[in-house]
Amino acid sequence: MADGAGTAGVARRVRLAQRRKAVGLTQEQLAERLGVERTTVVRWERGGTEPLPWLRPKLAHALGVSADRIEELLVATDDAARSQAQEAAVTRQLPATLADFTGRAAELQALTRILDNADADSPGAVVISAIGGTAGVGKTALALHWAHQVAHRFRDGQLHVNLRGYDPSGTPATSAEAIRGFLGALGVVPERIPASPEAQAGLYRSLLAGKRMLIVLDNARDEEQVRPLLPASSASLVLITSRSQLRGLAAADGARLLTLDVLSRAEAVQMLAARLGARAAAEPDAVDQIASLCACLPLALAVAAARAAARPGFTLATLAAELADSAGRLDALDVGDPAASVRAVFSWSARQLSVEGAWMFRLLGLHPGPDISAPAAASLAALVEADARRLLGELASAHLIAEHVPGRYAFHDLLHAYAAEQAGVHETQDERDAALGRVLDHYLHTAARAALLLVPSREPAILAPPRPGVSAGQPADYPQAMAWFGAEHQVLLAAVSLAAASGFDSHAWQLPWAMGSFFRIRGRLQDWAATQRTALAAATRLGDTAAQALSGRLLALAYSDLGDHDQARRHFASSLALYQRLGNQLGEAKIQQNLGLIAEYRGRYADALGHAEQALRLYQATGDKANEAEALSDVGWYHALLGDYQHARAFCRRSLGLCAETGYRWVEGDAWKALGYAEQHLGNLAAAAACYQRAISIAREFGTRLAEADTLTHLGDTRHAAGDPAEARQAWQQAVAILDDLEHPDADQVRAKLAIVPVAGQRGPEPEPDDDAQAVDSR
């Protein structure tokens with residue numbers, strides 16, 4: 001029987017039987033009228049045979065149609081048969097999609113938009129969409145799920161091939177191999193497939209010409225593997241998945257690139273819930289923890305769910321505890337099948353790297369922070385920055401890291417753990433320590449330079465020179481220094497902890513010393529105190545008296561700003577004794593200045609003035625003009641708090657004059673605030689407001705948010721005293737917003753002022769001036 005004959009017979013049976021029944025004849029009655037056996041009619045209707053030509057006029061008469069119509073009926077029957085045969089021959093190679101596919105709504109919509117736009121703007125053109133992403137992120141699952149959603153829009157069928165670009169076999173499929181598979185799927189018998197790959201590719205393109213097909217090229221290695229599989233001209237869509245970025249396809253072939261990230265936390269929890277059912281509902285906290293420990297990576301989530309399902313008697317909290325052990329997390333995400341082992345899947349990507357790229361990948365596993373800049377990576381690997389950027393680019397192209405913001409690279413926790421594990425296998429302890437020392441040197445020497453730009457009058461520390469291969473950053477001014485700390489502060493926090501845990505105690509106390517000014521300016525007081533506790537412990541381990549004195553003083557200052565004055569006094573006293581033993585007058589002066597703050601917080605303004613005057617004499621003895629300007633401002637402030645506004649005004653003006661003479665603009669803010677306070681209490685409200693405005697401008701210029709909030713509070717008091725409640729409320733509201741953002745306890749005091757001042761011209765109780773408002777300096 002010829003191809004399609006069976007289908008034609010089925011169609012004929014339906015058409016003839018329908019017409020016979022329409023005229024009210026049974027098979028026996030039709031057979032009798034035609035003078036044939038009933039079995040002949042049965043064979044016609046079953047599709048086994050068709051009426052002979054001489055019977056067709058009689059058949060037309062029996063069925064009540066003309067002779068021409070019976071021929072049309074039979075021809076129509078053949079056309080329907082051919083249509084059904086073609087439908088039966090349509091290639092549908094898509095593998096099944098996941099039954100519990102989760103999330104990815106935005107990505108599914110993006111793929112559909114690509115298809116919709118192509119159909120609207122360029123009908124008949126080949127559309128290429130490439131889904132990229134790291135190992136285990138769910139590229140294939142997304143591609144197949146979407147492909148099934150839109151399969152009905154491709155009338156000529158779907159082709160699918162696994163190109164094995166990243167495969168345990170290590171051998172990617174060749175383009176020729178894939179084409180031969182497609183030719184077979186398109187109905188080409190083996191003996192008709194040409195011998196040469198070029199002829200095979202030509203036949204493949206010819207067969208696709210004019211067709212509308214969905215072609216899924218899964219797990220592609222690179223552009224070279226994919227290009228021969230692209231149709232030359234048709235209304236088809238090619239959907240590619242790859243761990244490589246395939247930027248060449250975007251540049252030369254117009255591919256639309258879609259990079260897939262890990263799931264959101266909500267999607268990860270939803271995926272676990274779908275697989276674990278009632279157990280997930282019973283232990284929501286454990287499910288959330290498992291999602292986090294799996295880095296929201298779909299493969300890891302699937303393995304964790306399978307591990308839980310295999311042990312129904314264990315709680316999910318037990319699984320979470322196993323995953324929480326970072327040293328064994330990759331072991332816990334291994335179910336014995338290489339295709340479902342997180343470690344194995346990562347290894348297939350890593351072994352495609354160049355030797356240098358693999359080395360950089362392993363070194364990144366030693367890096368402590370959530371991300372890394374190209375300059376820091378260069379120091380980590382002792383490379384020039386251009387070479388480091390090239391290797392980071394290779395890793396990004398392989399989706400082993402991601403450039404999540406320009407110039408900064410990151411990978412999720414599981415890839416970080418795998419990279420660190422591989423560094424432990426391939427690099428010696430000395431090599432690992434050398435790399436860690438270089439990157440810590442990079443951060444320390446860059447931070448030290450940036451800190452000096454923030455507060456030039458800060459107490460110095462003597463640093464060892466950077467190791468060979470280290471290239472420290474060179475921020476040029478205050479804004480650049482603040483920007484660098486802003487970008488790196490989370491990395492620096494992790495670096496301090498790693499330095500302390502890895503035996504780099506000099507870095508463990510010097511990094512907090514360099515970071516302190518930024519934390520204080522930004523109001524990150526808890527971070528400041530935590531890092532200084534680490535610093536003091538490291539300095540003590542080293543037995544370095546000078547480091548202990550400095551770290552203890554800065555820890556005391558952090559406690560002071562946090563309002564823990566007992567702890568502050570204890571550490572100030574210890575540091576003062578160490579400074580005196582060392583004969584360090586600068587350190588002694590700093591302690592006296594800081595003790596003034598403690599006395600101020602306790603309302604002991606005379607004691608505060610005494611400490612400030614001692615600090616002033618010590619700074620003058622050492623010739624330290626910047627700190628002398630600060631001390632003059634402090635002396636003026638404490639005179640003002642004691643009600644001696646004329647002396648306050650004189651000392652503040654001396655401070656401002658020294659600032660103008662030496663260019664120490666960062667000190668001016670405190671002096672203008674103190675002068676404003678004196679003018680306010682002398683009744684010169686307009687002059688006071690002008691001084692406060694200048695102090696606020698300087699605070700905003702230098703990003704000292706706590707000082708800005710403090711001065712705004714005083715400005716509000718002045719506006720209220722001048723009979724301008726609207727301006728007073730505006731200043732206090734701005735102060736409260738900053739203090740709330742900083743989670744500072746003074747927010748409630750300022751909020752109380754707002755509560756007693758009417759909103760729209762109503763008179764309320766007079767708020768008391770905040771004489772005990774916290775002073776914020778740059779020491």
# chains A, B, ... in the order shown; residues from 1 in each chain; ligands from 1
>>> residues_around(residues="A:Leu715", least_positions_apart="5", cutoff="10 Å", atoms="only C-alpha atoms", output="list in words")
Lys673, Gly676, Tyr677, Gln680, Leu685, Ala688, Ala689, Ala690, Cys691, Tyr692, Gln693, Ile696, Ala709, Asp710, His720, Ala721, Glu727, Ala728, Gln730, Ala731, Trp732 and Ala735 of chain A
>>> write_last_selection(atoms="N, CA and C atoms", output="short mmCIF file (atom, residue, chain, number, x, y, z; two decimals), in the first residue's frame")
data_model
loop_
_atom_site.label_atom_id
_atom_site.label_comp_id
_atom_site.auth_asym_id
_atom_site.auth_seq_id
_atom_site.Cartn_x
_atom_site.Cartn_y
_atom_site.Cartn_z
N LYS A 673 27.91 74.99 63.00
CA LYS A 673 26.80 74.57 63.86
C LYS A 673 26.94 75.18 65.25
N GLY A 676 26.20 78.83 65.13
CA GLY A 676 24.76 79.02 65.00
C GLY A 676 24.06 78.86 66.35
N TYR A 677 24.49 77.88 67.12
CA TYR A 677 23.89 77.65 68.44
C TYR A 677 24.11 78.87 69.34
N GLN A 680 21.92 81.71 68.11
CA GLN A 680 20.52 81.43 68.45
C GLN A 680 20.22 81.86 69.88
N LEU A 685 18.44 85.27 65.67
CA LEU A 685 17.85 84.09 65.04
C LEU A 685 18.15 84.01 63.54
N ALA A 688 21.67 82.89 63.26
CA ALA A 688 21.76 81.47 63.65
C ALA A 688 21.30 80.57 62.50
N ALA A 689 20.16 80.91 61.89
CA ALA A 689 19.64 80.10 60.78
C ALA A 689 20.65 80.06 59.64
N ALA A 690 21.29 81.20 59.35
CA ALA A 690 22.28 81.24 58.27
C ALA A 690 23.46 80.32 58.59
N CYS A 691 23.91 80.34 59.85
CA CYS A 691 25.02 79.45 60.24
C CYS A 691 24.61 77.98 60.10
N TYR A 692 23.41 77.65 60.57
CA TYR A 692 22.94 76.27 60.45
C TYR A 692 22.83 75.82 58.99
N GLN A 693 22.35 76.72 58.13
CA GLN A 693 22.23 76.38 56.72
C GLN A 693 23.59 76.07 56.12
N ILE A 696 24.60 72.66 57.33
CA ILE A 696 23.83 71.61 56.63
C ILE A 696 24.38 71.40 55.23
N ALA A 709 21.36 65.64 60.27
CA ALA A 709 20.13 65.51 61.07
C ALA A 709 20.22 66.36 62.34
N ASP A 710 21.38 66.34 62.99
CA ASP A 710 21.57 67.11 64.22
C ASP A 710 21.38 68.61 63.96
N HIS A 720 11.27 77.74 64.80
CA HIS A 720 10.11 77.78 65.69
C HIS A 720 10.19 78.99 66.62
N ALA A 721 11.39 79.28 67.14
CA ALA A 721 11.57 80.44 68.01
C ALA A 721 11.30 81.74 67.27
N GLU A 727 8.27 76.25 58.65
CA GLU A 727 9.68 75.98 58.37
C GLU A 727 10.28 75.08 59.44
N ALA A 728 9.83 75.27 60.69
CA ALA A 728 10.32 74.41 61.77
C ALA A 728 9.96 72.96 61.51
N GLN A 730 9.28 71.52 58.70
CA GLN A 730 10.01 71.00 57.54
C GLN A 730 11.41 70.52 57.95
N ALA A 731 12.10 71.34 58.76
CA ALA A 731 13.44 70.96 59.19
C ALA A 731 13.40 69.73 60.08
N TRP A 732 12.46 69.67 61.02
CA TRP A 732 12.37 68.52 61.91
C TRP A 732 11.99 67.25 61.14
N ALA A 735 14.98 65.91 59.54
CA ALA A 735 15.84 65.29 60.54
C ALA A 735 15.32 63.91 60.94
#
>>> closest_atom_pairs(of="stretch 208-238 of chain A", to="stretch 142-155 of chain A", cutoff="10 Å", atoms="only C-alpha atoms", output="tab-separated table")
residue	atom	partner	partner_atom	distance
A:Lys211	CA	A:Arg155	CA	8.1
A:Arg212	CA	A:Phe154	CA	5.3
A:Met213	CA	A:Phe154	CA	5.1
A:Leu214	CA	A:Phe154	CA	6.2
A:Ile215	CA	A:Ala147	CA	9.2
A:Val216	CA	A:Ala143	CA	7.8
A:Leu217	CA	A:Ala143	CA	9.5
A:Asp218	CA	A:Ala143	CA	8.4
A:Ala235	CA	A:Phe154	CA	8.8
A:Ser236	CA	A:Phe154	CA	7.6
A:Leu237	CA	A:Phe154	CA	8.8
>>> residues_around(residues="stretch 409-425 of chain A", least_positions_apart="5", cutoff="10 Å", atoms="only C-alpha atoms", output="number ranges by chain")
A: 134-135, 261-262, 292-297, 300, 326-330, 333, 342-344, 346-347, 350, 358-374, 377, 392-393, 395-396, 399-404, 431-432
>>> atom_distance(atom1="atom CA of A:Gly248", atom2="atom CA of A:Leu229")
15.0 Å
>>> residues_around(residues="A:Leu555", least_positions_apart="6", cutoff="7 Å", atoms="only C-alpha atoms", output="VMD selection string")
chain A and resid 529 532 to 533
>>> write_last_selection(atoms="all heavy atoms", output="PDB file, in the first residue's frame")
ATOM      1  N   ALA A 529      31.084  49.432  65.254  1.00  0.00           N
ATOM      2  CA  ALA A 529      31.414  48.792  66.525  1.00  0.00           C
ATOM      3  C   ALA A 529      31.835  47.339  66.326  1.00  0.00           C
ATOM      4  O   ALA A 529      32.804  46.864  66.941  1.00  0.00           O
ATOM      5  CB  ALA A 529      30.215  48.871  67.471  1.00  0.00           C
ATOM      6  N   GLN A 532      35.337  47.143  64.903  1.00  0.00           N
ATOM      7  CA  GLN A 532      36.342  47.571  65.872  1.00  0.00           C
ATOM      8  C   GLN A 532      36.546  46.533  66.971  1.00  0.00           C
ATOM      9  O   GLN A 532      37.654  46.404  67.510  1.00  0.00           O
ATOM     10  CB  GLN A 532      35.969  48.926  66.462  1.00  0.00           C
ATOM     11  CG  GLN A 532      36.186  50.100  65.521  1.00  0.00           C
ATOM     12  CD  GLN A 532      37.617  50.228  64.999  1.00  0.00           C
ATOM     13  OE1 GLN A 532      37.827  50.686  63.892  1.00  0.00           O
ATOM     14  NE2 GLN A 532      38.596  49.820  65.785  1.00  0.00           N
ATOM     15  N   ARG A 533      35.520  45.792  67.318  1.00  0.00           N
ATOM     16  CA  ARG A 533      35.716  44.684  68.269  1.00  0.00           C
ATOM     17  C   ARG A 533      36.659  43.642  67.679  1.00  0.00           C
ATOM     18  O   ARG A 533      37.556  43.123  68.362  1.00  0.00           O
ATOM     19  CB  ARG A 533      34.370  44.052  68.639  1.00  0.00           C
ATOM     20  CG  ARG A 533      33.551  44.892  69.615  1.00  0.00           C
ATOM     21  CD  ARG A 533      32.374  44.097  70.159  1.00  0.00           C
ATOM     22  NE  ARG A 533      31.368  43.841  69.135  1.00  0.00           N
ATOM     23  CZ  ARG A 533      30.321  44.621  68.920  1.00  0.00           C
ATOM     24  NH1 ARG A 533      30.155  45.735  69.628  1.00  0.00           N
ATOM     25  NH2 ARG A 533      29.437  44.299  67.985  1.00  0.00           N
TER      26      ARG A 533
END
>>> select_by_dssp(residues="stretch 156-213 of chain A", states="strand (DSSP E or B)", output="list in words")
Gly157, Gln158, Leu159, His160, Val161 and Asn162 of chain A
>>> residues_around(residues="stretch 171-185 of chain A", least_positions_apart="3", cutoff="10 Å", atoms="only C-alpha atoms", output="ChimeraX atom specification")
/A:89-93,158-168,188-190,192-194,196-198,200-205,207,215,217,219-221,224-229
>>> residues_around(residues="A:Leu493", least_positions_apart="4", cutoff="12 Å", atoms="only C-alpha atoms", output="compact mmCIF listing (two decimals) with all heavy atoms, in the first residue's frame")
# COMPACT_ATOMS: atom_id res chain seq x y z
N PRO A 368 36.39 36.87 49.71
CA PRO A 368 35.38 36.80 50.76
C PRO A 368 34.06 37.44 50.45
O PRO A 368 33.04 37.10 51.05
CB PRO A 368 36.06 37.54 51.92
CG PRO A 368 36.96 38.53 51.26
CD PRO A 368 37.45 37.84 50.01
N GLY A 369 34.00 38.41 49.56
CA GLY A 369 32.83 39.26 49.47
C GLY A 369 31.74 38.74 48.57
O GLY A 369 31.90 37.75 47.86
N PRO A 370 30.61 39.45 48.58
CA PRO A 370 29.50 39.08 47.70
C PRO A 370 29.79 39.35 46.23
O PRO A 370 29.15 38.76 45.36
CB PRO A 370 28.35 39.96 48.20
CG PRO A 370 29.02 41.13 48.84
CD PRO A 370 30.28 40.61 49.44
N LEU A 440 43.66 41.18 50.22
CA LEU A 440 43.50 41.96 51.45
C LEU A 440 44.37 43.22 51.40
O LEU A 440 43.95 44.30 51.86
CB LEU A 440 43.86 41.11 52.67
CG LEU A 440 42.87 39.99 53.01
CD1 LEU A 440 43.41 39.14 54.15
CD2 LEU A 440 41.50 40.56 53.37
N TYR A 443 42.54 45.84 49.29
CA TYR A 443 41.48 46.54 50.01
C TYR A 443 42.05 47.47 51.09
O TYR A 443 41.56 48.59 51.26
CB TYR A 443 40.51 45.53 50.64
CG TYR A 443 39.66 44.83 49.61
CD1 TYR A 443 39.59 43.44 49.55
CD2 TYR A 443 38.92 45.56 48.69
CE1 TYR A 443 38.81 42.80 48.61
CE2 TYR A 443 38.13 44.92 47.74
CZ TYR A 443 38.08 43.54 47.71
OH TYR A 443 37.31 42.91 46.76
N LEU A 444 43.07 47.02 51.81
CA LEU A 444 43.62 47.84 52.89
C LEU A 444 44.24 49.12 52.36
O LEU A 444 43.95 50.22 52.87
CB LEU A 444 44.66 47.03 53.67
CG LEU A 444 45.42 47.81 54.74
CD1 LEU A 444 44.47 48.38 55.78
CD2 LEU A 444 46.46 46.91 55.41
N PHE A 485 34.03 53.42 48.95
CA PHE A 485 33.55 52.76 50.17
C PHE A 485 32.11 52.29 49.99
O PHE A 485 31.73 51.21 50.46
CB PHE A 485 33.64 53.72 51.36
CG PHE A 485 34.97 53.74 52.05
CD1 PHE A 485 35.70 54.91 52.14
CD2 PHE A 485 35.49 52.58 52.62
CE1 PHE A 485 36.93 54.93 52.78
CE2 PHE A 485 36.72 52.60 53.27
CZ PHE A 485 37.44 53.78 53.35
N GLY A 486 31.28 53.09 49.32
CA GLY A 486 29.90 52.70 49.11
C GLY A 486 29.78 51.41 48.31
O GLY A 486 28.92 50.56 48.59
N ALA A 487 30.64 51.26 47.31
CA ALA A 487 30.60 50.05 46.48
C ALA A 487 31.20 48.85 47.20
O ALA A 487 30.78 47.71 46.97
CB ALA A 487 31.36 50.29 45.18
N GLU A 488 32.18 49.08 48.08
CA GLU A 488 32.95 47.98 48.65
C GLU A 488 32.63 47.65 50.10
O GLU A 488 33.18 46.69 50.63
CB GLU A 488 34.45 48.31 48.56
CG GLU A 488 35.00 48.51 47.15
CD GLU A 488 35.10 47.20 46.36
OE1 GLU A 488 34.75 46.13 46.92
OE2 GLU A 488 35.50 47.27 45.20
N HIS A 489 31.73 48.40 50.76
CA HIS A 489 31.65 48.22 52.21
C HIS A 489 31.20 46.82 52.62
O HIS A 489 31.68 46.28 53.63
CB HIS A 489 30.77 49.31 52.85
CG HIS A 489 29.31 49.12 52.65
ND1 HIS A 489 28.64 49.61 51.57
CD2 HIS A 489 28.38 48.48 53.41
CE1 HIS A 489 27.37 49.30 51.66
NE2 HIS A 489 27.18 48.62 52.75
N SER A 497 36.27 39.84 58.55
CA SER A 497 36.00 38.54 59.19
C SER A 497 36.95 37.47 58.67
O SER A 497 37.47 36.66 59.45
CB SER A 497 34.55 38.13 58.92
OG SER A 497 33.65 39.06 59.50
N LEU A 498 37.18 37.44 57.35
CA LEU A 498 38.07 36.43 56.78
C LEU A 498 39.50 36.64 57.25
O LEU A 498 40.21 35.68 57.56
CB LEU A 498 38.00 36.48 55.26
CG LEU A 498 38.85 35.43 54.53
CD1 LEU A 498 38.39 34.02 54.90
CD2 LEU A 498 38.79 35.62 53.02
N ALA A 499 39.95 37.89 57.31
CA ALA A 499 41.31 38.17 57.78
C ALA A 499 41.50 37.66 59.20
O ALA A 499 42.52 37.03 59.52
CB ALA A 499 41.59 39.66 57.69
N ALA A 500 40.51 37.92 60.07
CA ALA A 500 40.62 37.48 61.46
C ALA A 500 40.62 35.95 61.56
O ALA A 500 41.33 35.38 62.39
CB ALA A 500 39.48 38.06 62.28
N HIS A 507 45.81 42.87 59.00
CA HIS A 507 44.68 43.34 58.19
C HIS A 507 43.41 43.41 59.02
O HIS A 507 42.57 44.29 58.81
CB HIS A 507 44.46 42.42 56.99
CG HIS A 507 45.59 42.41 56.01
ND1 HIS A 507 46.73 41.67 56.19
CD2 HIS A 507 45.75 43.07 54.83
CE1 HIS A 507 47.55 41.86 55.16
NE2 HIS A 507 46.97 42.71 54.32
N ALA A 508 43.26 42.49 59.97
CA ALA A 508 42.03 42.42 60.75
C ALA A 508 41.86 43.64 61.65
O ALA A 508 40.73 43.97 62.03
CB ALA A 508 41.99 41.14 61.58
N TRP A 509 42.95 44.34 62.03
CA TRP A 509 42.75 45.57 62.79
C TRP A 509 42.91 46.82 61.91
O TRP A 509 42.28 47.86 62.18
CB TRP A 509 43.69 45.64 64.00
CG TRP A 509 45.12 46.05 63.77
CD1 TRP A 509 46.20 45.25 63.66
CD2 TRP A 509 45.62 47.41 63.67
NE1 TRP A 509 47.35 45.99 63.48
CE2 TRP A 509 47.03 47.32 63.49
CE3 TRP A 509 45.04 48.67 63.70
CZ2 TRP A 509 47.84 48.44 63.34
CZ3 TRP A 509 45.85 49.79 63.56
CH2 TRP A 509 47.24 49.67 63.39
N LEU A 511 42.12 47.20 58.59
CA LEU A 511 40.94 47.45 57.75
C LEU A 511 39.85 48.18 58.53
O LEU A 511 39.29 49.18 58.02
CB LEU A 511 40.41 46.13 57.16
CG LEU A 511 41.08 45.64 55.87
CD1 LEU A 511 40.68 44.21 55.57
CD2 LEU A 511 40.72 46.56 54.71
N PRO A 512 39.49 47.76 59.74
CA PRO A 512 38.50 48.55 60.49
C PRO A 512 38.96 49.98 60.76
O PRO A 512 38.13 50.91 60.75
CB PRO A 512 38.35 47.75 61.80
CG PRO A 512 38.67 46.34 61.41
CD PRO A 512 39.78 46.47 60.40
N ALA A 514 40.71 51.79 58.78
CA ALA A 514 40.51 52.54 57.55
C ALA A 514 39.02 52.75 57.23
O ALA A 514 38.64 53.74 56.61
CB ALA A 514 41.19 51.81 56.39
N MET A 515 38.17 51.83 57.68
CA MET A 515 36.75 51.88 57.34
C MET A 515 35.95 52.78 58.28
O MET A 515 34.84 53.19 57.97
CB MET A 515 36.16 50.47 57.40
CG MET A 515 36.75 49.50 56.39
SD MET A 515 36.58 47.77 56.91
CE MET A 515 34.81 47.59 57.00
N GLY A 516 36.50 53.08 59.45
CA GLY A 516 35.71 53.72 60.50
C GLY A 516 35.10 55.05 60.11
O GLY A 516 33.95 55.34 60.44
N PHE A 519 31.99 54.51 58.01
CA PHE A 519 30.87 54.03 58.80
C PHE A 519 30.27 55.15 59.65
O PHE A 519 29.04 55.25 59.80
CB PHE A 519 31.31 52.88 59.71
CG PHE A 519 31.55 51.58 58.99
CD1 PHE A 519 32.57 50.73 59.37
CD2 PHE A 519 30.75 51.21 57.93
CE1 PHE A 519 32.78 49.53 58.72
CE2 PHE A 519 30.95 50.02 57.25
CZ PHE A 519 31.98 49.17 57.66
N ARG A 524 26.56 54.12 60.05
CA ARG A 524 26.54 52.66 60.20
C ARG A 524 27.27 52.29 61.49
O ARG A 524 28.34 51.69 61.48
CB ARG A 524 27.18 51.99 58.98
CG ARG A 524 26.43 52.22 57.69
CD ARG A 524 27.13 51.55 56.50
NE ARG A 524 26.34 51.65 55.31
CZ ARG A 524 25.37 50.79 54.94
NH1 ARG A 524 25.10 49.77 55.73
NH2 ARG A 524 24.70 50.95 53.83
N GLN A 526 26.54 50.26 64.07
CA GLN A 526 26.67 48.85 64.47
C GLN A 526 27.80 48.17 63.69
O GLN A 526 28.58 47.39 64.26
CB GLN A 526 25.35 48.11 64.24
CG GLN A 526 24.20 48.59 65.11
CD GLN A 526 24.39 48.25 66.58
OE1 GLN A 526 25.30 47.50 66.95
NE2 GLN A 526 23.54 48.80 67.44
N ASP A 527 27.90 48.46 62.40
CA ASP A 527 29.02 47.91 61.61
C ASP A 527 30.35 48.42 62.15
O ASP A 527 31.34 47.68 62.23
CB ASP A 527 28.88 48.31 60.14
CG ASP A 527 27.80 47.53 59.42
OD1 ASP A 527 27.38 46.47 59.94
OD2 ASP A 527 27.36 47.97 58.34
N TRP A 528 30.36 49.70 62.51
CA TRP A 528 31.59 50.29 63.04
C TRP A 528 32.02 49.59 64.33
O TRP A 528 33.17 49.17 64.48
CB TRP A 528 31.35 51.79 63.28
CG TRP A 528 32.58 52.56 63.66
CD1 TRP A 528 33.88 52.21 63.42
CD2 TRP A 528 32.61 53.82 64.33
NE1 TRP A 528 34.72 53.17 63.91
CE2 TRP A 528 33.97 54.17 64.46
CE3 TRP A 528 31.63 54.67 64.81
CZ2 TRP A 528 34.37 55.35 65.08
CZ3 TRP A 528 32.03 55.85 65.41
CH2 TRP A 528 33.38 56.19 65.55
N ALA A 529 31.08 49.43 65.25
CA ALA A 529 31.41 48.79 66.53
C ALA A 529 31.84 47.34 66.33
O ALA A 529 32.80 46.86 66.94
CB ALA A 529 30.22 48.87 67.47
N ALA A 530 31.13 46.61 65.45
CA ALA A 530 31.46 45.20 65.24
C ALA A 530 32.86 45.03 64.67
O ALA A 530 33.63 44.17 65.11
CB ALA A 530 30.42 44.56 64.31
N THR A 531 33.21 45.84 63.68
CA THR A 531 34.54 45.70 63.08
C THR A 531 35.62 46.14 64.06
O THR A 531 36.72 45.57 64.09
CB THR A 531 34.64 46.52 61.78
OG1 THR A 531 34.26 47.88 62.03
CG2 THR A 531 33.76 45.93 60.69
N GLN A 532 35.34 47.14 64.90
CA GLN A 532 36.34 47.57 65.87
C GLN A 532 36.55 46.53 66.97
O GLN A 532 37.65 46.40 67.51
CB GLN A 532 35.97 48.93 66.46
CG GLN A 532 36.19 50.10 65.52
CD GLN A 532 37.62 50.23 65.00
OE1 GLN A 532 37.83 50.69 63.89
NE2 GLN A 532 38.60 49.82 65.78
N THR A 534 36.45 43.34 66.39
CA THR A 534 37.37 42.42 65.71
C THR A 534 38.77 42.99 65.69
O THR A 534 39.77 42.27 65.90
CB THR A 534 36.88 42.17 64.26
OG1 THR A 534 35.56 41.61 64.30
CG2 THR A 534 37.81 41.21 63.53
N ALA A 535 38.89 44.30 65.44
CA ALA A 535 40.20 44.95 65.36
C ALA A 535 40.94 44.87 66.69
O ALA A 535 42.13 44.54 66.74
CB ALA A 535 40.03 46.41 64.94
